[in-house]
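**Q** The structure file work-v3.cif (mmCIF, C-alpha atoms) is provided below.
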data_coords
#
loop_
_atom_site.label_atom_id
_atom_site.label_comp_id
_atom_site.auth_asym_id
_atom_site.auth_seq_id
_atom_site.Cartn_x
_atom_site.Cartn_y
_atom_site.Cartn_z
CA MET A 1 -16.51 227.71 182.09
CA THR A 2 -13.86 228.85 184.54
CA PRO A 3 -13.84 232.55 185.39
CA LEU A 4 -11.46 234.75 183.43
CA SER A 5 -8.10 235.53 184.98
CA PRO A 6 -6.17 238.78 184.41
CA GLY A 7 -3.62 239.19 181.63
CA PHE A 8 -0.40 241.17 181.99
CA ALA A 9 -0.34 243.26 185.18
CA ASP A 10 1.11 246.18 183.20
CA PRO A 11 -0.01 245.65 179.59
CA VAL A 12 2.56 247.99 178.06
CA LEU A 13 5.73 247.17 180.01
CA ASP A 14 5.06 243.45 180.32
CA ALA A 15 4.28 243.11 176.62
CA GLN A 16 7.47 245.03 175.79
CA ALA A 17 9.50 242.73 178.05
CA CYS A 18 7.95 239.67 176.42
CA PHE A 19 8.52 241.11 172.95
CA ARG A 20 12.19 241.56 173.84
CA ALA A 21 12.33 237.94 175.03
CA VAL A 22 10.77 236.64 171.80
CA LEU A 23 13.13 238.83 169.76
CA GLU A 24 16.08 237.40 171.68
CA ALA A 25 14.81 233.84 171.14
CA MET A 26 14.21 234.41 167.41
CA SER A 27 17.57 236.06 166.75
CA ARG A 28 19.50 233.37 168.64
CA PRO A 29 17.62 230.24 167.63
CA GLY A 30 17.41 227.59 170.30
CA ARG A 31 18.28 229.89 173.18
CA VAL A 32 15.86 229.30 176.04
CA VAL A 33 14.38 232.50 177.49
CA VAL A 34 11.81 233.15 180.21
CA ALA A 35 8.50 234.89 179.46
CA GLY A 36 5.20 235.41 181.26
CA ALA A 37 6.36 234.04 184.62
CA ALA A 38 3.63 235.98 186.49
CA LEU A 39 0.69 235.00 184.26
CA ARG A 40 -2.11 232.64 185.31
CA PRO A 41 -3.67 231.55 182.01
CA PRO A 42 -6.43 228.92 181.96
CA ALA A 43 -5.43 225.28 181.37
CA PRO A 44 -4.14 223.89 179.03
CA LEU A 45 -2.39 227.13 178.09
CA CYS A 46 1.14 227.43 179.50
CA ARG A 47 2.52 230.75 180.74
CA ALA A 48 5.07 231.27 177.98
CA ALA A 49 2.59 230.50 175.18
CA ALA A 50 0.05 232.84 176.79
CA ALA A 51 2.65 235.61 177.04
CA VAL A 52 3.69 235.20 173.39
CA LEU A 53 0.09 235.49 172.18
CA LEU A 54 -0.75 238.40 174.51
CA THR A 55 2.28 240.21 173.09
CA LEU A 56 1.98 239.41 169.39
CA ALA A 57 -1.68 238.68 168.65
CA ASP A 58 -4.27 241.40 168.18
CA ALA A 59 -7.35 242.20 166.12
CA ASP A 60 -5.32 242.04 162.87
CA THR A 61 -3.90 238.55 163.41
CA PRO A 62 -6.33 235.65 162.98
CA LEU A 63 -5.70 232.91 165.53
CA TRP A 64 -6.28 229.17 165.46
CA SER A 65 -6.00 227.03 168.55
CA ASP A 66 -6.78 223.54 169.81
CA ALA A 67 -6.79 224.70 173.44
CA GLY A 68 -10.55 224.61 174.08
CA ALA A 69 -13.24 227.11 174.99
CA ASN A 70 -11.69 228.47 178.21
CA ALA A 71 -8.36 229.30 176.65
CA GLU A 72 -10.04 230.77 173.57
CA ALA A 73 -12.30 232.97 175.68
CA TRP A 74 -9.26 234.19 177.62
CA LEU A 75 -7.28 234.97 174.46
CA ARG A 76 -10.26 236.62 172.81
CA PHE A 77 -10.78 238.88 175.83
CA HIS A 78 -7.15 239.89 176.33
CA CYS A 79 -5.88 239.98 172.72
CA GLY A 80 -9.09 240.97 170.95
CA ALA A 81 -8.06 238.50 168.25
CA ALA A 82 -10.48 236.69 165.96
CA PHE A 83 -10.40 232.88 165.85
CA VAL A 84 -10.56 231.08 162.52
CA THR A 85 -11.78 227.51 162.01
CA ALA A 86 -9.07 226.47 159.54
CA PRO A 87 -5.39 226.59 160.60
CA ASP A 88 -4.27 227.59 157.10
CA HIS A 89 -6.00 230.98 157.49
CA ALA A 90 -4.34 231.85 160.78
CA ALA A 91 -1.38 234.16 161.38
CA PHE A 92 -0.74 232.51 164.75
CA VAL A 93 -1.44 228.84 165.42
CA LEU A 94 -1.45 227.65 169.02
CA ALA A 95 -1.05 223.91 169.55
CA THR A 96 -1.35 222.47 173.03
CA GLY A 97 -1.65 218.91 171.69
CA THR A 98 -0.55 217.54 168.33
CA PRO A 99 -0.02 220.54 166.04
CA PRO A 100 -1.31 220.65 162.46
CA ALA A 101 1.24 219.68 159.79
CA LEU A 102 3.73 222.47 159.04
CA ASP A 103 2.89 222.39 155.33
CA ALA A 104 -0.81 222.87 156.14
CA LEU A 105 -0.12 226.36 157.56
CA GLN A 106 0.12 229.69 155.76
CA PRO A 107 3.71 229.88 154.35
CA GLY A 108 3.52 233.41 152.92
CA SER A 109 4.54 234.06 149.33
CA GLU A 110 7.83 234.72 147.56
CA GLU A 111 6.92 238.42 147.45
CA GLN A 112 5.57 238.55 151.02
CA PRO A 113 7.32 235.89 153.09
CA GLN A 114 6.46 237.83 156.26
CA ARG A 115 2.90 236.56 155.90
CA GLY A 116 4.04 233.08 156.92
CA ALA A 117 2.30 231.78 160.04
CA THR A 118 3.91 231.44 163.45
CA LEU A 119 3.26 228.13 165.17
CA VAL A 120 3.30 228.22 168.98
CA VAL A 121 3.73 224.66 170.25
CA GLN A 122 3.59 223.56 173.87
CA VAL A 123 6.09 220.84 174.71
CA ALA A 124 6.83 219.03 177.97
CA SER A 125 10.19 220.66 178.68
CA LEU A 126 13.03 222.63 177.12
CA GLY A 127 16.71 222.45 178.01
CA ALA A 128 20.03 223.56 176.56
CA GLY A 129 23.37 221.79 176.31
CA HIS A 130 22.31 218.51 174.71
CA GLY A 131 19.69 217.19 172.26
CA TRP A 132 19.02 218.73 168.82
CA ARG A 133 21.97 220.26 166.97
CA LEU A 134 20.95 223.68 165.59
CA THR A 135 22.93 225.57 162.95
CA GLY A 136 22.15 228.58 160.77
CA PRO A 137 21.96 232.39 160.95
CA GLY A 138 22.26 233.68 164.51
CA ILE A 139 24.35 230.67 165.65
CA GLU A 140 28.14 230.91 165.49
CA HIS A 141 29.00 227.20 165.39
CA GLU A 142 26.11 225.13 166.70
CA HIS A 143 23.58 225.29 169.49
CA ARG A 144 22.15 222.32 171.39
CA LEU A 145 18.48 222.34 172.36
CA ALA A 146 16.84 219.48 174.26
CA VAL A 147 13.09 219.21 173.65
CA THR A 148 10.94 216.60 175.34
CA GLY A 149 7.46 216.08 173.98
CA ALA A 150 8.16 217.41 170.47
CA PRO A 151 5.49 216.48 167.90
CA GLY A 152 6.13 213.18 166.08
CA GLY A 153 7.99 213.50 162.77
CA PHE A 154 8.86 217.13 163.53
CA LEU A 155 12.43 217.07 162.24
CA ALA A 156 11.44 215.65 158.85
CA ALA A 157 8.63 218.22 158.53
CA TRP A 158 11.09 220.94 159.59
CA ALA A 159 13.57 219.98 156.85
CA MET A 160 10.79 220.38 154.27
CA ASN A 161 9.74 223.69 155.84
CA ARG A 162 13.30 224.98 155.57
CA ALA A 163 13.62 223.86 151.96
CA ARG A 164 10.97 226.30 150.75
CA PHE A 165 12.76 229.40 152.14
CA PRO A 166 11.96 232.35 152.00
CA ARG A 167 8.46 230.97 152.43
CA GLY A 168 7.80 228.92 155.53
CA VAL A 169 6.54 228.77 159.08
CA ASP A 170 8.34 229.96 162.22
CA VAL A 171 7.96 227.92 165.40
CA VAL A 172 8.01 228.96 169.05
CA LEU A 173 8.39 226.06 171.49
CA CYS A 174 6.93 226.77 174.93
CA ALA A 175 7.14 224.88 178.19
CA GLU A 176 5.82 226.45 181.40
CA ASP A 177 7.44 229.92 181.48
CA ARG A 178 10.31 229.07 179.12
CA LEU A 179 10.39 229.38 175.37
CA ALA A 180 12.76 228.78 172.46
CA ALA A 181 12.22 229.88 168.88
CA LEU A 182 12.97 228.11 165.62
CA PRO A 183 12.93 230.68 162.79
CA ARG A 184 12.57 229.17 159.33
CA THR A 185 16.29 229.65 158.61
CA VAL A 186 17.57 227.23 161.24
CA ALA A 187 18.75 223.72 160.36
CA ILE A 188 18.10 220.98 162.91
CA GLN A 189 19.88 217.65 163.20
CA GLU A 190 19.14 214.87 165.63
CA GLY A 191 21.77 215.15 168.42
CA MET B 192 -22.54 266.35 173.84
CA THR B 193 -26.08 265.21 173.17
CA ARG B 194 -27.30 262.59 175.60
CA ASN B 195 -29.50 260.16 173.75
CA ALA B 196 -32.46 258.46 175.36
CA PRO B 197 -32.00 254.69 175.86
CA HIS B 198 -32.60 252.67 172.73
CA PRO B 199 -36.35 252.02 172.43
CA MET B 200 -36.06 248.52 170.91
CA PRO B 201 -36.78 245.71 173.38
CA ASP B 202 -33.90 243.29 173.76
CA PRO B 203 -32.88 240.54 176.22
CA LEU B 204 -29.99 242.60 177.57
CA GLY B 205 -32.15 245.69 177.99
CA GLU B 206 -31.97 245.77 181.75
CA ARG B 207 -28.19 245.48 181.79
CA ARG B 208 -27.94 248.02 178.98
CA ALA B 209 -30.03 250.44 181.02
CA TRP B 210 -27.94 250.19 184.19
CA MET B 211 -24.69 250.38 182.23
CA ALA B 212 -25.98 253.56 180.58
CA VAL B 213 -26.82 255.09 183.97
CA LEU B 214 -23.38 254.16 185.36
CA ALA B 215 -21.60 255.52 182.30
CA ARG B 216 -23.19 258.93 182.89
CA ALA B 217 -22.62 259.05 186.66
CA GLY B 218 -19.50 260.63 188.14
CA ALA B 219 -17.08 258.59 190.25
CA ASP B 220 -17.97 260.48 193.44
CA ASP B 221 -21.71 260.02 192.88
CA ILE B 222 -21.30 256.24 192.53
CA ALA B 223 -18.87 255.96 195.44
CA VAL B 224 -21.20 257.80 197.85
CA LEU B 225 -24.12 255.49 197.09
CA LEU B 226 -22.18 252.23 196.83
CA PRO B 227 -22.39 249.93 199.88
CA ALA B 228 -19.29 248.04 201.02
CA MET B 229 -18.24 245.46 198.41
CA PRO B 230 -16.09 242.34 198.59
CA ALA B 231 -12.69 242.62 196.92
CA HIS B 232 -12.70 242.43 193.15
CA GLU B 233 -9.99 241.47 190.69
CA ARG B 234 -9.00 243.69 187.77
CA LEU B 235 -9.15 241.72 184.51
CA ARG B 236 -8.33 244.79 182.48
CA ALA B 237 -7.09 247.75 184.48
CA PRO B 238 -8.76 251.06 183.56
CA GLU B 239 -7.25 252.36 180.33
CA THR B 240 -8.01 255.43 178.26
CA GLY B 241 -8.21 255.44 174.49
CA LEU B 242 -10.04 256.83 171.50
CA VAL B 243 -13.09 255.38 169.79
CA MET B 244 -14.44 256.49 166.43
CA VAL B 245 -18.01 257.73 166.71
CA ARG B 246 -19.96 257.00 163.56
CA GLY B 247 -23.07 258.78 162.41
CA ARG B 248 -25.75 258.44 159.78
CA ALA B 249 -27.36 261.50 158.18
CA GLY B 250 -31.12 261.46 158.24
CA GLY B 251 -31.30 257.96 159.64
CA ASP B 252 -31.02 256.27 156.25
CA GLY B 253 -27.85 257.82 154.83
CA ALA B 254 -24.51 256.07 154.56
CA ALA B 255 -22.51 255.78 157.78
CA PHE B 256 -19.75 258.35 158.16
CA ASN B 257 -17.08 259.00 160.78
CA LEU B 258 -18.31 261.81 163.00
CA GLY B 259 -15.13 262.09 165.05
CA GLU B 260 -13.12 260.49 167.79
CA MET B 261 -13.98 260.65 171.46
CA THR B 262 -12.00 259.80 174.57
CA VAL B 263 -13.25 256.68 176.32
CA THR B 264 -12.01 254.90 179.43
CA ARG B 265 -12.75 251.21 179.80
CA CYS B 266 -12.31 248.70 182.57
CA ALA B 267 -13.20 245.07 183.26
CA VAL B 268 -13.30 243.49 186.72
CA ARG B 269 -14.23 240.11 188.12
CA LEU B 270 -16.36 239.78 191.25
CA GLY B 271 -16.90 236.13 192.10
CA ASP B 272 -17.83 234.52 188.78
CA ALA B 273 -19.35 237.63 187.22
CA VAL B 274 -17.36 239.84 184.87
CA GLY B 275 -18.31 243.51 184.88
CA HIS B 276 -17.49 245.86 182.03
CA ALA B 277 -17.58 249.62 181.75
CA TYR B 278 -16.94 252.02 178.90
CA VAL B 279 -17.29 255.63 180.05
CA ALA B 280 -16.75 258.91 178.25
CA GLY B 281 -13.73 260.90 179.37
CA ARG B 282 -10.62 259.88 181.23
CA ASP B 283 -11.91 259.21 184.74
CA LYS B 284 -10.35 255.83 185.60
CA ARG B 285 -11.99 255.68 189.01
CA GLN B 286 -15.43 256.07 187.45
CA ALA B 287 -14.71 253.28 184.95
CA GLU B 288 -13.58 250.89 187.67
CA LEU B 289 -16.55 251.68 189.95
CA ALA B 290 -18.99 251.31 187.05
CA ALA B 291 -17.47 247.94 186.11
CA LEU B 292 -17.63 246.81 189.73
CA VAL B 293 -21.32 247.75 190.02
CA ASP B 294 -22.03 246.04 186.69
CA ALA B 295 -20.43 242.83 188.01
CA ALA B 296 -22.35 243.03 191.29
CA LEU B 297 -25.67 243.65 189.52
CA GLN B 298 -25.30 240.37 187.62
CA ASP B 299 -25.62 238.50 190.91
CA PRO B 300 -29.39 238.01 191.48
CA ALA B 301 -28.88 238.00 195.27
CA ARG B 302 -27.46 241.53 195.20
CA ARG B 303 -29.38 242.99 192.29
CA ASP B 304 -32.54 244.37 193.90
CA ALA B 305 -30.72 246.04 196.79
CA LEU B 306 -28.17 247.63 194.46
CA MET B 307 -30.77 248.77 191.94
CA GLU B 308 -32.59 250.45 194.83
CA ALA B 309 -29.50 251.95 196.47
CA VAL B 310 -27.37 252.97 193.49
CA ILE B 311 -29.05 252.84 190.11
CA ALA B 312 -32.45 254.33 191.00
CA PRO B 313 -31.08 257.50 192.66
CA LEU B 314 -28.54 258.04 189.88
CA ALA B 315 -31.18 257.54 187.18
CA ALA B 316 -33.56 259.95 188.94
CA ARG B 317 -30.83 262.57 189.23
CA GLN B 318 -29.91 262.22 185.55
CA GLN B 319 -33.56 262.43 184.52
CA ALA B 320 -34.02 265.57 186.64
CA ALA B 321 -30.97 267.17 185.00
CA ARG B 322 -32.29 266.31 181.54
CA ASP B 323 -35.72 267.74 182.40
CA ALA B 324 -34.22 270.95 183.76
CA GLU B 325 -32.21 271.41 180.60
CA ALA B 326 -35.22 270.66 178.43
CA ARG B 327 -37.23 273.29 180.35
CA ARG B 328 -34.49 275.87 179.93
CA ALA B 329 -34.37 275.18 176.23
CA ALA B 330 -38.17 275.17 175.89
CA ALA B 331 -38.35 278.67 177.40
CA THR B 332 -36.44 280.06 174.43
CA ARG B 333 -38.46 278.25 171.79
CA VAL B 334 -39.68 280.35 168.89
CA GLU B 335 -42.84 279.26 167.07
CA PHE B 336 -42.96 280.03 163.40
CA PHE B 337 -46.39 280.47 161.86
CA THR B 338 -47.14 280.57 158.20
CA LEU B 339 -49.87 282.92 157.23
CA ALA B 340 -51.50 281.67 154.10
CA THR B 341 -54.09 283.69 152.30
CA MET B 342 -56.97 281.61 151.07
CA ARG B 343 -59.07 283.04 148.31
#
What is this structure when it is put down as structure tokens?

**A**
Amino acid sequence: MTPLSPGFADPVLDAQACFRAVLEAMSRPGRVVVAGAALRPPAPLCRAAAAVLLTLADADTPLWSDAGANAEAWLRFHCGAAFVTAPDHAAFVLATGTPPALDALQPGSEEQPQRGATLVVQVASLGAGHGWRLTGPGIEHEHRLAVTGAPGGFLAAWAMNRARFPRGVDVVLCAEDRLAALPRTVAIQEG
Amino acid sequence: MTRNAPHPMPDPLGERRAWMAVLARAGADDIAVLLPAMPAHERLRAPETGLVMVRGRAGGDGAAFNLGEMTVTRCAVRLGDAVGHAYVAGRDKRQAELAALVDAALQDPARRDALMEAVIAPLAARQQAARDAEARRAAATRVEFFTLATMR
């Protein structure tokens, strides 16, 4: 067990700044933003994923993660969030390795699509300008997002996730202190 | 506010519970005067003030009800590998941080005896003396009611 490290230096202002970054990423899908640059979360948690969970997760949002005991202890201390054993009961799912299948997560209902889970996936790196071709609300023509280390079969699973709109899962891709969001409305084509 | 006596049930965390209770009732200045020099600590959760709901139970076996909210300041610090926590009544952030620091230091067996002697024992004695003095003041005003029953 490694000793706990601190969370946000200023819980209110830093969480607000990170919330703004996630909002920016969600409303302009595929745009890469920086979050949590000053954090020192325990391995294998990356800074951006840690910042997203510190900002959005709390006692009302069940969490599921594959990150191991150290990361879970850190998140439990700083977010006060409860961990669940099954990913389909979680409001936020953190995947540092291979994530659970998108259709195995909570998609919300037709009446309450906001109950759909948010999947936070750690990937090797994120870049803009080449790679996936993103279109949909929030993108004027198209946006290019280069993701290395994306889960296998992700684009096929994403097409199925998008087909069940308004239900579905939103994804936040994190690499080091950079993140990009894929809300359930965005269409992705191989670049 | 009524100051309850420590919980009488034995439990494995009893010793830590007892010193945390003493620290929670001691003022920041009282702790600071007694505290020897400490190595630098890291704030895991900077002191923050909030409200907690105090719950009560009428008669000991009634249903729990919300008695009211009270202001509480909490803090968590790391000293070496030990994590110290403090929840103190009121909004004194310095007291919360000092109490958390002492809680972390007391978890280190090498420091415990010296700190118990230097910090916790004097604070506990002072708090006990204050409780006794108040109990004596209250006892002086006690009225005894007698029932006179006529037996035939």

**Q** Do a neighbour search on Ala25 of chain A at 12 Å with only C-alpha atoms, toss out local chain neighbours closer than 2 positions, and write the hits as number ranges by chain.

**A** A: 18-23, 27-35, 52, 138-139, 170-174, 178-183

**Q** Given the selection you just returned, output its residues as a file containing C-alpha atoms, formatted as a short mmCIF file (atom, residue, chain, number, x, y, z; two decimals), in the frame of the given file.

**A**
data_model
loop_
_atom_site.label_atom_id
_atom_site.label_comp_id
_atom_site.auth_asym_id
_atom_site.auth_seq_id
_atom_site.Cartn_x
_atom_site.Cartn_y
_atom_site.Cartn_z
CA CYS A 18 7.95 239.67 176.42
CA PHE A 19 8.52 241.11 172.95
CA ARG A 20 12.19 241.56 173.84
CA ALA A 21 12.33 237.94 175.03
CA VAL A 22 10.77 236.64 171.80
CA LEU A 23 13.13 238.83 169.76
CA SER A 27 17.57 236.06 166.75
CA ARG A 28 19.50 233.37 168.64
CA PRO A 29 17.62 230.24 167.63
CA GLY A 30 17.41 227.59 170.30
CA ARG A 31 18.28 229.89 173.18
CA VAL A 32 15.86 229.30 176.04
CA VAL A 33 14.38 232.50 177.49
CA VAL A 34 11.81 233.15 180.21
CA ALA A 35 8.50 234.89 179.46
CA VAL A 52 3.69 235.20 173.39
CA GLY A 138 22.26 233.68 164.51
CA ILE A 139 24.35 230.67 165.65
CA ASP A 170 8.34 229.96 162.22
CA VAL A 171 7.96 227.92 165.40
CA VAL A 172 8.01 228.96 169.05
CA LEU A 173 8.39 226.06 171.49
CA CYS A 174 6.93 226.77 174.93
CA ARG A 178 10.31 229.07 179.12
CA LEU A 179 10.39 229.38 175.37
CA ALA A 180 12.76 228.78 172.46
CA ALA A 181 12.22 229.88 168.88
CA LEU A 182 12.97 228.11 165.62
CA PRO A 183 12.93 230.68 162.79
#

**Q** Can you list, as a list in words, every protein, DNA or RNA residue that comes within 12 Å of Glu190 of chain A when you count all atoms listed in the file, leaving out same-chain residues fewer than 5 positions away?

**A** His130, Gly131, Trp132, Arg133, Leu134, Thr135, His143, Arg144, Leu145, Ala146, Val147, Gly153, Phe154, Leu155, Ala156, Trp158 and Ala159 of chain A

**Q** Those residues with C-alpha atoms, as a PDB file, keeping the file's coordinate frame please?

**A**
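Saved the output as out13.pdb:
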ATOM      1  CA  HIS A 130      22.310 218.510 174.710  1.00  0.00           C
ATOM      2  CA  GLY A 131      19.690 217.190 172.260  1.00  0.00           C
ATOM      3  CA  TRP A 132      19.020 218.730 168.820  1.00  0.00           C
ATOM      4  CA  ARG A 133      21.970 220.260 166.970  1.00  0.00           C
ATOM      5  CA  LEU A 134      20.950 223.680 165.590  1.00  0.00           C
ATOM      6  CA  THR A 135      22.930 225.570 162.950  1.00  0.00           C
ATOM      7  CA  HIS A 143      23.580 225.290 169.490  1.00  0.00           C
ATOM      8  CA  ARG A 144      22.150 222.320 171.390  1.00  0.00           C
ATOM      9  CA  LEU A 145      18.480 222.340 172.360  1.00  0.00           C
ATOM     10  CA  ALA A 146      16.840 219.480 174.260  1.00  0.00           C
ATOM     11  CA  VAL A 147      13.090 219.210 173.650  1.00  0.00           C
ATOM     12  CA  GLY A 153       7.990 213.500 162.770  1.00  0.00           C
ATOM     13  CA  PHE A 154       8.860 217.130 163.530  1.00  0.00           C
ATOM     14  CA  LEU A 155      12.430 217.070 162.240  1.00  0.00           C
ATOM     15  CA  ALA A 156      11.440 215.650 158.850  1.00  0.00           C
ATOM     16  CA  TRP A 158      11.090 220.940 159.590  1.00  0.00           C
ATOM     17  CA  ALA A 159      13.570 219.980 156.850  1.00  0.00           C
TER      18      ALA A 159
END

**Q** Please report, as JSON lines, each residue of chain A lying at most 9 Å from chain B, together with the nearest pair of atoms and the separation in Å rounded to one decimal; use all atoms listed in the file, and order rows by chain and ascending residue number.

**A**
{"residue": "A:Thr2", "atom": "CA", "partner": "B:Asp272", "partner_atom": "CA", "distance": 8.1}
{"residue": "A:Pro3", "atom": "CA", "partner": "B:Asp272", "partner_atom": "CA", "distance": 5.6}
{"residue": "A:Leu4", "atom": "CA", "partner": "B:Leu235", "partner_atom": "CA", "distance": 7.4}
{"residue": "A:Ser5", "atom": "CA", "partner": "B:Leu235", "partner_atom": "CA", "distance": 6.3}
{"residue": "A:Pro6", "atom": "CA", "partner": "B:Leu235", "partner_atom": "CA", "distance": 4.2}
{"residue": "A:Gly7", "atom": "CA", "partner": "B:Leu235", "partner_atom": "CA", "distance": 6.7}
{"residue": "A:Phe8", "atom": "CA", "partner": "B:Arg236", "partner_atom": "CA", "distance": 8.7}
{"residue": "A:Ala9", "atom": "CA", "partner": "B:Ala237", "partner_atom": "CA", "distance": 8.1}
{"residue": "A:Asp10", "atom": "CA", "partner": "B:Ala237", "partner_atom": "CA", "distance": 8.4}
{"residue": "A:Pro11", "atom": "CA", "partner": "B:Arg236", "partner_atom": "CA", "distance": 8.8}
{"residue": "A:His78", "atom": "CA", "partner": "B:Arg236", "partner_atom": "CA", "distance": 8.0}

**Q** Run the PyMOL selection byres ((chain B and resi 211) around 10) against the file shown and list the residues it catches, as a list in words.

**A**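 Output of the PyMOL selection byres ((chain B and resi 211) around 10): Gly205, Glu206, Arg207, Arg208, Ala209, Trp210, Ala212, Val213, Leu214, Ala215, Arg216, Ala217, Gly275, His276, Ala277, Tyr278, Val279, Ala290, Ala291, Val293, Asp294, Leu297 and Ile311 of chain B.
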
**Q** Any idea what's packed within 10 Å of Val84 of chain A, counting only C-alpha atoms, ignoring anything in its chain fewer than 3 positions away? Could you give it as a PyMOL selection string?

**A** chain A and resi 62-65+81+87-91+93

**Q** Distance atom CA of Thr185 of chain A-atom CA of Asp14 of chain A, one decimal place?

**A** 28.1 Å

**Q** List as a PyMOL selection string the protein and nucleic acid residues near Ala223 of chain B, meaning an atom at most 12 Å away when only C-alpha atoms are counted, but skip any in the same chain fewer than 5 places from it.

**A** chain B and resi 214+217-218+228-229+285-290+292-293+309-311+314
